[in-house]
$ cat data_31.cif   # mmCIF, C-alpha atoms
data_final
#
loop_
_atom_site.group_PDB
_atom_site.id
_atom_site.type_symbol
_atom_site.label_atom_id
_atom_site.label_comp_id
_atom_site.auth_asym_id
_atom_site.auth_seq_id
_atom_site.Cartn_x
_atom_site.Cartn_y
_atom_site.Cartn_z
ATOM 1 C CA MET A 897 -77.063 -78.696 -79.276
ATOM 2 C CA SER A 898 -76.327 -77.838 -75.654
ATOM 3 C CA LEU A 899 -77.331 -74.309 -74.664
ATOM 4 C CA PRO A 900 -76.493 -72.247 -71.572
ATOM 5 C CA ALA A 901 -79.166 -72.151 -68.881
ATOM 6 C CA PHE A 902 -81.701 -69.327 -68.935
ATOM 7 C CA ASP A 903 -80.241 -66.311 -67.121
ATOM 8 C CA ARG A 904 -82.803 -65.474 -64.445
ATOM 9 C CA SER A 905 -80.609 -62.736 -63.046
ATOM 10 C CA LEU A 906 -80.999 -60.538 -66.143
ATOM 11 C CA GLN A 907 -82.859 -57.349 -65.259
ATOM 12 C CA SER A 908 -83.938 -54.949 -67.980
ATOM 13 C CA LYS A 909 -83.048 -51.299 -67.520
ATOM 14 C CA TYR A 910 -83.391 -48.059 -69.442
ATOM 15 C CA THR A 911 -80.293 -46.470 -70.958
ATOM 16 C CA GLY A 912 -79.363 -43.600 -73.232
ATOM 17 C CA PRO A 913 -79.334 -44.084 -77.040
ATOM 18 C CA PRO A 914 -76.510 -45.893 -78.891
ATOM 19 C CA ASN A 915 -75.108 -42.675 -80.395
ATOM 20 C CA PRO A 916 -76.074 -39.740 -78.134
ATOM 21 C CA THR A 917 -73.905 -37.247 -80.073
ATOM 22 C CA TRP A 918 -75.616 -37.930 -83.434
ATOM 23 C CA THR A 919 -76.596 -34.846 -85.420
ATOM 24 C CA TYR A 920 -78.670 -34.305 -88.560
ATOM 25 C CA PHE A 921 -77.058 -35.540 -91.798
ATOM 26 C CA GLN A 922 -74.413 -37.546 -89.895
ATOM 27 C CA LYS A 923 -73.493 -40.764 -91.704
ATOM 28 C CA VAL A 924 -73.719 -44.196 -90.074
ATOM 29 C CA GLU A 925 -70.006 -44.724 -90.763
ATOM 30 C CA SER A 926 -69.093 -41.819 -88.469
ATOM 31 C CA THR A 927 -68.872 -44.137 -85.451
ATOM 32 C CA PRO A 928 -66.728 -47.256 -84.979
ATOM 33 C CA GLU A 929 -69.887 -49.327 -84.527
ATOM 34 C CA GLY A 930 -71.350 -47.885 -87.714
ATOM 35 C CA GLN A 931 -68.150 -48.587 -89.639
ATOM 36 C CA ALA A 932 -68.175 -52.207 -88.480
ATOM 37 C CA TRP A 933 -71.852 -52.516 -89.452
ATOM 38 C CA MET A 934 -71.341 -51.147 -92.964
ATOM 39 C CA GLU A 935 -68.234 -53.285 -93.491
ATOM 40 C CA GLY A 936 -70.498 -56.287 -93.875
ATOM 41 C CA GLU A 937 -72.219 -54.675 -96.846
ATOM 42 C CA LYS A 938 -69.055 -55.279 -98.876
ATOM 43 C CA GLN A 939 -69.891 -58.989 -98.957
ATOM 44 C CA GLY A 940 -72.807 -58.210 -101.251
ATOM 45 C CA TRP A 941 -76.486 -59.095 -101.227
ATOM 46 C CA LYS A 942 -78.711 -62.079 -101.836
ATOM 47 C CA THR A 943 -81.849 -61.038 -103.689
ATOM 48 C CA VAL A 944 -84.806 -63.410 -103.442
ATOM 49 C CA THR A 945 -87.492 -63.452 -106.117
ATOM 50 C CA THR A 946 -90.486 -64.416 -104.001
ATOM 51 C CA ALA A 947 -92.568 -65.780 -106.887
ATOM 52 C CA GLU A 948 -89.840 -68.327 -107.625
ATOM 53 C CA GLU A 949 -88.916 -69.276 -104.069
ATOM 54 C CA ASP A 950 -90.151 -72.367 -102.228
ATOM 55 C CA PRO A 951 -92.918 -71.197 -99.826
ATOM 56 C CA MET A 952 -91.380 -72.940 -96.808
ATOM 57 C CA LYS A 953 -87.952 -71.420 -97.473
ATOM 58 C CA LEU A 954 -89.643 -68.063 -97.865
ATOM 59 C CA TYR A 955 -91.422 -68.596 -94.550
ATOM 60 C CA ALA A 956 -88.148 -69.434 -92.773
ATOM 61 C CA LEU A 957 -86.385 -66.416 -94.255
ATOM 62 C CA MET A 958 -89.144 -63.938 -93.465
ATOM 63 C CA ILE A 959 -89.705 -64.997 -89.854
ATOM 64 C CA SER A 960 -85.954 -64.751 -89.238
ATOM 65 C CA GLY A 961 -85.742 -61.274 -90.777
ATOM 66 C CA VAL A 962 -88.935 -59.635 -89.508
ATOM 67 C CA VAL A 963 -87.920 -59.616 -85.839
ATOM 68 C CA PRO A 964 -88.594 -59.250 -83.025
ATOM 69 C CA ARG A 965 -92.318 -59.953 -83.326
ATOM 70 C CA PRO A 966 -94.711 -59.576 -80.391
ATOM 71 C CA ILE A 967 -96.945 -62.570 -79.748
ATOM 72 C CA ALA A 968 -100.730 -62.539 -79.605
ATOM 73 C CA PHE A 969 -101.856 -65.270 -77.222
ATOM 74 C CA VAL A 970 -105.445 -65.661 -78.402
ATOM 75 C CA SER A 971 -108.216 -67.314 -76.432
ATOM 76 C CA THR A 972 -111.427 -68.091 -78.316
ATOM 77 C CA ILE A 973 -114.583 -70.150 -77.872
ATOM 78 C CA SER A 974 -116.493 -72.163 -80.457
ATOM 79 C CA GLU A 975 -120.226 -72.185 -81.118
ATOM 80 C CA ASP A 976 -120.362 -75.398 -79.051
ATOM 81 C CA GLY A 977 -118.603 -73.825 -76.081
ATOM 82 C CA VAL A 978 -115.180 -75.469 -76.614
ATOM 83 C CA GLU A 979 -112.425 -73.073 -75.634
ATOM 84 C CA ASN A 980 -109.198 -72.726 -77.589
ATOM 85 C CA LEU A 981 -105.872 -71.064 -76.801
ATOM 86 C CA ALA A 982 -103.050 -70.450 -79.289
ATOM 87 C CA PRO A 983 -100.089 -68.095 -79.915
ATOM 88 C CA PHE A 984 -99.639 -66.030 -83.102
ATOM 89 C CA SER A 985 -96.524 -63.987 -83.810
ATOM 90 C CA TRP A 986 -97.809 -62.152 -86.891
ATOM 91 C CA PHE A 987 -99.290 -59.583 -84.557
ATOM 92 C CA SER A 988 -99.310 -55.808 -84.259
ATOM 93 C CA MET A 989 -101.221 -52.716 -83.232
ATOM 94 C CA VAL A 990 -103.162 -51.026 -86.038
ATOM 95 C CA SER A 991 -104.937 -48.039 -84.501
ATOM 96 C CA ASN A 992 -105.557 -46.500 -81.094
ATOM 97 C CA TRP A 993 -108.897 -44.932 -82.089
ATOM 98 C CA PRO A 994 -110.758 -47.057 -82.732
ATOM 99 C CA PRO A 995 -108.446 -49.385 -80.786
ATOM 100 C CA ILE A 996 -107.568 -52.102 -83.320
ATOM 101 C CA VAL A 997 -104.946 -54.846 -83.198
ATOM 102 C CA SER A 998 -104.189 -57.400 -85.901
ATOM 103 C CA PHE A 999 -102.943 -60.963 -86.041
ATOM 104 C CA SER A 1000 -102.665 -63.465 -88.873
ATOM 105 C CA CYS A 1001 -103.496 -67.178 -88.847
ATOM 106 C CA LEU A 1002 -101.926 -69.550 -91.356
ATOM 107 C CA ASN A 1003 -104.409 -71.930 -92.950
ATOM 108 C CA GLY A 1004 -103.138 -75.498 -93.112
ATOM 109 C CA PRO A 1005 -103.655 -77.780 -96.101
ATOM 110 C CA ALA A 1006 -106.175 -79.929 -94.211
ATOM 111 C CA ARG A 1007 -108.211 -77.309 -92.355
ATOM 112 C CA ILE A 1008 -108.203 -73.768 -91.067
ATOM 113 C CA LYS A 1009 -107.094 -73.194 -87.497
ATOM 114 C CA ASP A 1010 -109.634 -73.367 -84.680
ATOM 115 C CA THR A 1011 -108.800 -69.752 -83.839
ATOM 116 C CA THR A 1012 -109.750 -68.575 -87.325
ATOM 117 C CA HIS A 1013 -112.960 -70.606 -87.302
ATOM 118 C CA ASN A 1014 -113.950 -69.425 -83.832
ATOM 119 C CA VAL A 1015 -113.239 -65.763 -84.511
ATOM 120 C CA LYS A 1016 -115.152 -65.827 -87.809
ATOM 121 C CA ASN A 1017 -118.143 -67.851 -86.654
ATOM 122 C CA SER A 1018 -118.615 -67.164 -82.975
ATOM 123 C CA HIS A 1019 -120.333 -64.044 -81.694
ATOM 124 C CA GLY A 1020 -118.801 -64.496 -78.260
ATOM 125 C CA GLY A 1021 -115.679 -62.441 -78.913
ATOM 126 C CA PHE A 1022 -112.118 -63.402 -78.037
ATOM 127 C CA VAL A 1023 -109.164 -62.247 -75.940
ATOM 128 C CA VAL A 1024 -105.651 -61.284 -77.003
ATOM 129 C CA ASN A 1025 -103.280 -61.906 -74.107
ATOM 130 C CA ILE A 1026 -99.581 -60.970 -73.925
ATOM 131 C CA ILE A 1027 -97.004 -63.581 -72.906
ATOM 132 C CA SER A 1028 -94.337 -62.863 -70.269
ATOM 133 C CA GLU A 1029 -91.208 -64.836 -69.398
ATOM 134 C CA PRO A 1030 -92.588 -66.736 -66.356
ATOM 135 C CA PHE A 1031 -95.109 -68.682 -68.464
ATOM 136 C CA ALA A 1032 -93.334 -68.953 -71.827
ATOM 137 C CA GLU A 1033 -93.317 -72.767 -71.737
ATOM 138 C CA ASN A 1034 -96.973 -72.895 -70.749
ATOM 139 C CA ALA A 1035 -97.879 -70.733 -73.718
ATOM 140 C CA ASN A 1036 -95.659 -72.684 -76.101
ATOM 141 C CA ALA A 1037 -97.463 -75.914 -75.165
ATOM 142 C CA THR A 1038 -100.657 -74.548 -76.712
ATOM 143 C CA SER A 1039 -99.013 -74.415 -80.153
ATOM 144 C CA ILE A 1040 -99.197 -78.216 -80.344
ATOM 145 C CA ASP A 1041 -100.870 -79.528 -83.506
ATOM 146 C CA ALA A 1042 -103.832 -80.969 -81.628
ATOM 147 C CA PRO A 1043 -106.935 -82.201 -83.493
ATOM 148 C CA ALA A 1044 -109.852 -79.866 -84.109
ATOM 149 C CA GLY A 1045 -111.938 -79.114 -81.043
ATOM 150 C CA PHE A 1046 -109.190 -79.944 -78.539
ATOM 151 C CA ASP A 1047 -109.005 -77.606 -75.542
ATOM 152 C CA GLU A 1048 -105.359 -76.476 -75.295
ATOM 153 C CA TRP A 1049 -106.059 -74.888 -71.912
ATOM 154 C CA SER A 1050 -106.125 -78.367 -70.384
ATOM 155 C CA LEU A 1051 -102.438 -79.072 -71.054
ATOM 156 C CA SER A 1052 -101.059 -75.573 -70.588
ATOM 157 C CA GLY A 1053 -101.294 -75.327 -66.818
ATOM 158 C CA LEU A 1054 -102.695 -71.830 -67.268
ATOM 159 C CA THR A 1055 -105.723 -70.430 -65.474
ATOM 160 C CA LYS A 1056 -109.002 -69.327 -67.056
ATOM 161 C CA MET A 1057 -110.318 -66.005 -65.802
ATOM 162 C CA PRO A 1058 -113.777 -64.691 -66.712
ATOM 163 C CA SER A 1059 -113.907 -61.774 -69.102
ATOM 164 C CA VAL A 1060 -116.266 -58.872 -68.492
ATOM 165 C CA HIS A 1061 -117.536 -58.478 -72.061
ATOM 166 C CA VAL A 1062 -116.764 -61.561 -74.175
ATOM 167 C CA LYS A 1063 -117.514 -65.241 -73.620
ATOM 168 C CA ALA A 1064 -113.922 -66.420 -74.109
ATOM 169 C CA SER A 1065 -111.774 -66.606 -70.971
ATOM 170 C CA ARG A 1066 -108.695 -64.501 -70.520
ATOM 171 C CA VAL A 1067 -105.386 -65.858 -69.216
ATOM 172 C CA LYS A 1068 -105.008 -65.025 -65.523
ATOM 173 C CA GLU A 1069 -101.224 -65.278 -65.725
ATOM 174 C CA SER A 1070 -101.079 -62.621 -68.452
ATOM 175 C CA ALA A 1071 -100.447 -59.144 -67.043
ATOM 176 C CA PHE A 1072 -101.989 -57.468 -70.121
ATOM 177 C CA SER A 1073 -105.099 -58.775 -71.885
ATOM 178 C CA MET A 1074 -107.490 -57.265 -74.423
ATOM 179 C CA GLU A 1075 -111.093 -58.368 -74.811
ATOM 180 C CA CYS A 1076 -111.945 -58.070 -78.488
ATOM 181 C CA GLU A 1077 -114.696 -58.330 -81.050
ATOM 182 C CA LEU A 1078 -114.127 -59.095 -84.721
ATOM 183 C CA PHE A 1079 -113.701 -55.873 -86.695
ATOM 184 C CA GLN A 1080 -112.821 -57.519 -90.005
ATOM 185 C CA ALA A 1081 -111.464 -60.839 -91.277
ATOM 186 C CA ILE A 1082 -109.470 -60.658 -94.493
ATOM 187 C CA ASP A 1083 -108.636 -63.875 -96.347
ATOM 188 C CA ILE A 1084 -105.243 -63.652 -98.058
ATOM 189 C CA VAL A 1085 -105.409 -65.480 -101.392
ATOM 190 C CA GLU A 1086 -102.347 -66.624 -103.351
ATOM 191 C CA PRO A 1087 -102.804 -64.924 -106.769
ATOM 192 C CA THR A 1088 -101.778 -67.827 -109.002
ATOM 193 C CA THR A 1089 -103.480 -70.730 -107.210
ATOM 194 C CA GLY A 1090 -106.440 -68.962 -105.642
ATOM 195 C CA GLN A 1091 -105.713 -70.763 -102.371
ATOM 196 C CA CYS A 1092 -106.551 -68.965 -99.140
ATOM 197 C CA THR A 1093 -103.256 -69.334 -97.299
ATOM 198 C CA THR A 1094 -103.746 -66.919 -94.416
ATOM 199 C CA THR A 1095 -106.487 -65.012 -92.627
ATOM 200 C CA LEU A 1096 -105.773 -61.550 -91.266
ATOM 201 C CA ILE A 1097 -107.883 -60.722 -88.224
ATOM 202 C CA LEU A 1098 -108.558 -57.113 -87.296
ATOM 203 C CA ALA A 1099 -109.679 -57.099 -83.689
ATOM 204 C CA HIS A 1100 -111.632 -54.273 -82.070
ATOM 205 C CA VAL A 1101 -110.401 -53.932 -78.486
ATOM 206 C CA LYS A 1102 -113.321 -53.399 -76.119
ATOM 207 C CA TYR A 1103 -111.690 -53.840 -72.701
ATOM 208 C CA ILE A 1104 -108.070 -53.878 -71.534
ATOM 209 C CA HIS A 1105 -106.962 -55.614 -68.336
ATOM 210 C CA VAL A 1106 -103.537 -54.637 -66.986
ATOM 211 C CA ARG A 1107 -102.079 -55.593 -63.623
ATOM 212 C CA ASN A 1108 -101.528 -52.655 -61.289
ATOM 213 C CA ASP A 1109 -98.000 -53.746 -60.411
ATOM 214 C CA MET A 1110 -97.003 -53.381 -64.084
ATOM 215 C CA LEU A 1111 -97.989 -49.714 -64.348
ATOM 216 C CA THR A 1112 -95.765 -46.668 -64.140
ATOM 217 C CA GLU A 1113 -96.837 -43.422 -62.485
ATOM 218 C CA ARG A 1114 -97.904 -42.236 -65.966
ATOM 219 C CA GLY A 1115 -100.277 -45.164 -66.353
ATOM 220 C CA THR A 1116 -98.186 -46.967 -68.973
ATOM 221 C CA VAL A 1117 -96.708 -50.468 -68.821
ATOM 222 C CA ASP A 1118 -93.177 -50.791 -67.412
ATOM 223 C CA ILE A 1119 -91.367 -53.325 -69.618
ATOM 224 C CA THR A 1120 -88.759 -53.986 -66.923
ATOM 225 C CA LYS A 1121 -91.568 -55.519 -64.840
ATOM 226 C CA PHE A 1122 -93.734 -56.804 -67.706
ATOM 227 C CA LYS A 1123 -90.983 -59.038 -69.175
ATOM 228 C CA PRO A 1124 -92.768 -59.685 -72.500
ATOM 229 C CA ILE A 1125 -91.283 -62.225 -74.881
ATOM 230 C CA SER A 1126 -91.049 -61.991 -78.646
ATOM 231 C CA ARG A 1127 -90.755 -64.421 -81.526
ATOM 232 C CA MET A 1128 -87.579 -64.650 -83.559
ATOM 233 C CA GLY A 1129 -86.565 -67.017 -86.390
ATOM 234 C CA ASP A 1130 -86.948 -70.845 -86.331
ATOM 235 C CA ASN A 1131 -87.830 -71.893 -82.759
ATOM 236 C CA SER A 1132 -86.121 -68.947 -81.083
ATOM 237 C CA TYR A 1133 -87.685 -66.422 -78.734
ATOM 238 C CA GLY A 1134 -86.441 -63.061 -77.508
ATOM 239 C CA ARG A 1135 -86.632 -61.218 -74.234
ATOM 240 C CA VAL A 1136 -86.320 -57.542 -73.399
ATOM 241 C CA GLY A 1137 -82.772 -56.544 -72.555
ATOM 242 C CA ASP A 1138 -81.820 -52.925 -72.037
ATOM 243 C CA ALA A 1139 -84.166 -50.391 -73.592
ATOM 244 C CA PHE A 1140 -82.732 -47.054 -74.681
ATOM 245 C CA LYS A 1141 -84.584 -43.735 -74.670
ATOM 246 C CA LEU A 1142 -84.588 -41.795 -77.955
ATOM 247 C CA THR A 1143 -86.669 -38.625 -78.210
ATOM 248 C CA ARG A 1144 -88.745 -38.212 -81.352
ATOM 249 C CA PRO A 1145 -87.647 -35.027 -83.162
ATOM 250 C CA THR A 1146 -90.020 -32.187 -84.010
ATOM 251 C CA TRP A 1147 -89.591 -29.577 -86.728
ATOM 252 C CA ALA A 1148 -90.640 -26.796 -84.343
ATOM 253 C CA ALA A 1149 -87.769 -27.592 -81.979
ATOM 254 C CA ASP A 1150 -85.109 -28.610 -84.496
ATOM 255 C CA GLU A 1151 -85.661 -26.446 -87.588
ATOM 256 C CA SER A 1152 -82.841 -24.059 -86.701
ATOM 257 C CA ARG A 1153 -80.389 -26.935 -86.142
ATOM 258 C CA VAL A 1154 -81.340 -28.533 -89.454
ATOM 259 C CA ARG A 1155 -80.910 -25.283 -91.386
ATOM 260 C CA GLU A 1156 -77.603 -24.570 -89.641
ATOM 261 C CA VAL A 1157 -76.176 -27.909 -90.765
ATOM 262 C CA ILE A 1158 -77.463 -27.360 -94.308
ATOM 263 C CA GLN A 1159 -75.658 -24.007 -94.501
ATOM 264 C CA LYS A 1160 -72.390 -25.649 -93.466
ATOM 265 C CA GLU A 1161 -72.657 -28.345 -96.151
#

$ encode --input "data_31.cif" --output "structure tokens"
Amino acid sequence: MSLPAFDRSLQSKYTGPPNPTWTYFQKVESTPEGQAWMEGEKQGWKTVTTAEEDPMKLYALMISGVVPRPIAFVSTISEDGVENLAPFSWFSMVSNWPPIVSFSCLNGPARIKDTTHNVKNSHGGFVVNIISEPFAENANATSIDAPAGFDEWSLSGLTKMPSVHVKASRVKESAFSMECELFQAIDIVEPTTGQCTTTLILAHVKYIHVRNDMLTERGTVDITKFKPISRMGDNSYGRVGDAFKLTRPTWAADESRVREVIQKE
């Protein structure tokens, strides 16, 4: 299938929310966009019984529906000093205090992934790097199904940079990296077969490295400069388009508005 060329001219920007006039209790169907969205519901639903579904079909469905997913680009080192680099899209933040992030590694039928082995067995720590558009292909190359012990850094074209706390290198090209120690490894076991299909890694973030040119005046990361990529379904990736601002409501500020609408109902 022939696809259009990557649009390098796209520049992310911040905008207002999709429905700036929304008020409490307002239905989705109150806007033309909401009406069009809910029109699709008339076509009905497909309900999947997970216990009866083929695992690979379930995998394809879930990764296409749970989107977009940020990508943990994890660099580890084995007990023998062999470095490994691999991307994982089952990745999220768990807690800011203690600072914990999580990522999951699928266990293949033949062996567990080098990342899982290294994280569980090495006391040298590891690094979770974030991938940006300019090195998406470099990062993707490390997902190759290389044999155990192969150093994916060698084919990626990426640059090793010494960490300050852990033995594993961080990716120089990544504008945001987290040096981590293992907080907990949880093996996910399929209830009927007893097979360990996945390992959930809880990583304790010890040091964060963020490039100065990515920071706003408030000390946070500016996504319009960061250009992080995300994982979608099949072999698709996403990029950040426009980001809209939407203030989180508080009861202290909005109680009177809520009660006013209730009285009118």

$ closest_atom_pairs --input "data_31.cif" --of "region 956-990 of chain A" --to "region 1107-1130 of chain A" --cutoff "10 Å" --atoms "only C-alpha atoms" --output "JSON lines"
{"residue": "A:Ala956", "atom": "CA", "partner": "A:Asp1130", "partner_atom": "CA", "distance": 6.7}
{"residue": "A:Leu957", "atom": "CA", "partner": "A:Gly1129", "partner_atom": "CA", "distance": 7.9}
{"residue": "A:Met958", "atom": "CA", "partner": "A:Gly1129", "partner_atom": "CA", "distance": 8.1}
{"residue": "A:Ile959", "atom": "CA", "partner": "A:Gly1129", "partner_atom": "CA", "distance": 5.1}
{"residue": "A:Ser960", "atom": "CA", "partner": "A:Gly1129", "partner_atom": "CA", "distance": 3.7}
{"residue": "A:Gly961", "atom": "CA", "partner": "A:Gly1129", "partner_atom": "CA", "distance": 7.3}
{"residue": "A:Val962", "atom": "CA", "partner": "A:Met1128", "partner_atom": "CA", "distance": 7.9}
{"residue": "A:Val963", "atom": "CA", "partner": "A:Met1128", "partner_atom": "CA", "distance": 5.5}
{"residue": "A:Pro964", "atom": "CA", "partner": "A:Met1128", "partner_atom": "CA", "distance": 5.5}
{"residue": "A:Arg965", "atom": "CA", "partner": "A:Arg1127", "partner_atom": "CA", "distance": 5.1}
{"residue": "A:Pro966", "atom": "CA", "partner": "A:Ser1126", "partner_atom": "CA", "distance": 4.7}
{"residue": "A:Ile967", "atom": "CA", "partner": "A:Ser1126", "partner_atom": "CA", "distance": 6.0}
{"residue": "A:Ala968", "atom": "CA", "partner": "A:Ser1126", "partner_atom": "CA", "distance": 9.7}
{"residue": "A:Phe984", "atom": "CA", "partner": "A:Arg1127", "partner_atom": "CA", "distance": 9.2}
{"residue": "A:Ser985", "atom": "CA", "partner": "A:Arg1127", "partner_atom": "CA", "distance": 6.2}
{"residue": "A:Trp986", "atom": "CA", "partner": "A:Arg1127", "partner_atom": "CA", "distance": 9.1}

$ resolve_selection --input "data_31.cif" --expression "the PyMOL selection byres ((chain A and resi 1011) around 10)" --output "number ranges by chain"
A: 970-974, 979-984, 1001, 1008-1010, 1012-1017, 1022

$ closest_residue --input "data_31.cif" --among "A:Met1074, A:Ile996, A:Leu954, A:Ala1064" --to "Leu1098 (chain A)" --atoms "all atoms listed in the file"
A:Ile996

$ resolve_selection --input "data_31.cif" --expression "the PyMOL selection byres ((chain A and resi 909) around 8)" --output "VMD selection string"
chain A and resid 907 to 908 910 to 911 1120 1137 to 1139

$ resolve_selection --input "data_31.cif" --expression "the PyMOL selection byres ((chain A and resi 1002) around 7)" --output "PDB file with C-alpha atoms, in the frame of the given file"
ATOM      1  CA  SER A1000    -102.665 -63.465 -88.873  1.00  0.00           C
ATOM      2  CA  CYS A1001    -103.496 -67.178 -88.847  1.00  0.00           C
ATOM      3  CA  ASN A1003    -104.409 -71.930 -92.950  1.00  0.00           C
ATOM      4  CA  GLY A1004    -103.138 -75.498 -93.112  1.00  0.00           C
ATOM      5  CA  THR A1093    -103.256 -69.334 -97.299  1.00  0.00           C
ATOM      6  CA  THR A1094    -103.746 -66.919 -94.416  1.00  0.00           C
ATOM      7  CA  THR A1095    -106.487 -65.012 -92.627  1.00  0.00           C
TER       8      THR A1095
END

$ residues_near_point --input "data_31.cif" --point "(-90.9, -65.2, -69.2)" --cutoff "12 Å" --atoms "only C-alpha atoms" --output "PDB file with C-alpha atoms, keeping the file's coordinate frame"
ATOM      1  CA  PHE A 902     -81.701 -69.327 -68.935  1.00  0.00           C
ATOM      2  CA  ASP A 903     -80.241 -66.311 -67.121  1.00  0.00           C
ATOM      3  CA  ARG A 904     -82.803 -65.474 -64.445  1.00  0.00           C
ATOM      4  CA  LEU A 906     -80.999 -60.538 -66.143  1.00  0.00           C
ATOM      5  CA  GLN A 907     -82.859 -57.349 -65.259  1.00  0.00           C
ATOM      6  CA  ILE A1026     -99.581 -60.970 -73.925  1.00  0.00           C
ATOM      7  CA  ILE A1027     -97.004 -63.581 -72.906  1.00  0.00           C
ATOM      8  CA  SER A1028     -94.337 -62.863 -70.269  1.00  0.00           C
ATOM      9  CA  GLU A1029     -91.208 -64.836 -69.398  1.00  0.00           C
ATOM     10  CA  PRO A1030     -92.588 -66.736 -66.356  1.00  0.00           C
ATOM     11  CA  PHE A1031     -95.109 -68.682 -68.464  1.00  0.00           C
ATOM     12  CA  ALA A1032     -93.334 -68.953 -71.827  1.00  0.00           C
ATOM     13  CA  GLU A1033     -93.317 -72.767 -71.737  1.00  0.00           C
ATOM     14  CA  ASN A1034     -96.973 -72.895 -70.749  1.00  0.00           C
ATOM     15  CA  ALA A1035     -97.879 -70.733 -73.718  1.00  0.00           C
ATOM     16  CA  ASN A1036     -95.659 -72.684 -76.101  1.00  0.00           C
ATOM     17  CA  GLU A1069    -101.224 -65.278 -65.725  1.00  0.00           C
ATOM     18  CA  SER A1070    -101.079 -62.621 -68.452  1.00  0.00           C
ATOM     19  CA  ALA A1071    -100.447 -59.144 -67.043  1.00  0.00           C
ATOM     20  CA  ILE A1119     -91.367 -53.325 -69.618  1.00  0.00           C
ATOM     21  CA  THR A1120     -88.759 -53.986 -66.923  1.00  0.00           C
ATOM     22  CA  LYS A1121     -91.568 -55.519 -64.840  1.00  0.00           C
ATOM     23  CA  PHE A1122     -93.734 -56.804 -67.706  1.00  0.00           C
ATOM     24  CA  LYS A1123     -90.983 -59.038 -69.175  1.00  0.00           C
ATOM     25  CA  PRO A1124     -92.768 -59.685 -72.500  1.00  0.00           C
ATOM     26  CA  ILE A1125     -91.283 -62.225 -74.881  1.00  0.00           C
ATOM     27  CA  SER A1126     -91.049 -61.991 -78.646  1.00  0.00           C
ATOM     28  CA  TYR A1133     -87.685 -66.422 -78.734  1.00  0.00           C
ATOM     29  CA  GLY A1134     -86.441 -63.061 -77.508  1.00  0.00           C
ATOM     30  CA  ARG A1135     -86.632 -61.218 -74.234  1.00  0.00           C
ATOM     31  CA  VAL A1136     -86.320 -57.542 -73.399  1.00  0.00           C
TER      32      VAL A1136
END

$ atom_distance --input "data_31.cif" --atom1 "CA of Val1106 (chain A)" --atom2 "CA of Ser1073 (chain A)"
6.6 Å

$ atom_distance --input "data_31.cif" --atom1 "CA of Gly936 (chain A)" --atom2 "CA of Pro913 (chain A)"
22.6 Å

$ closest_residue --input "data_31.cif" --among "A:Val1085, A:Cys1076, A:Val1154, A:Val978" --to "Gly1045 (chain A)" --atoms "only C-alpha atoms"
A:Val978
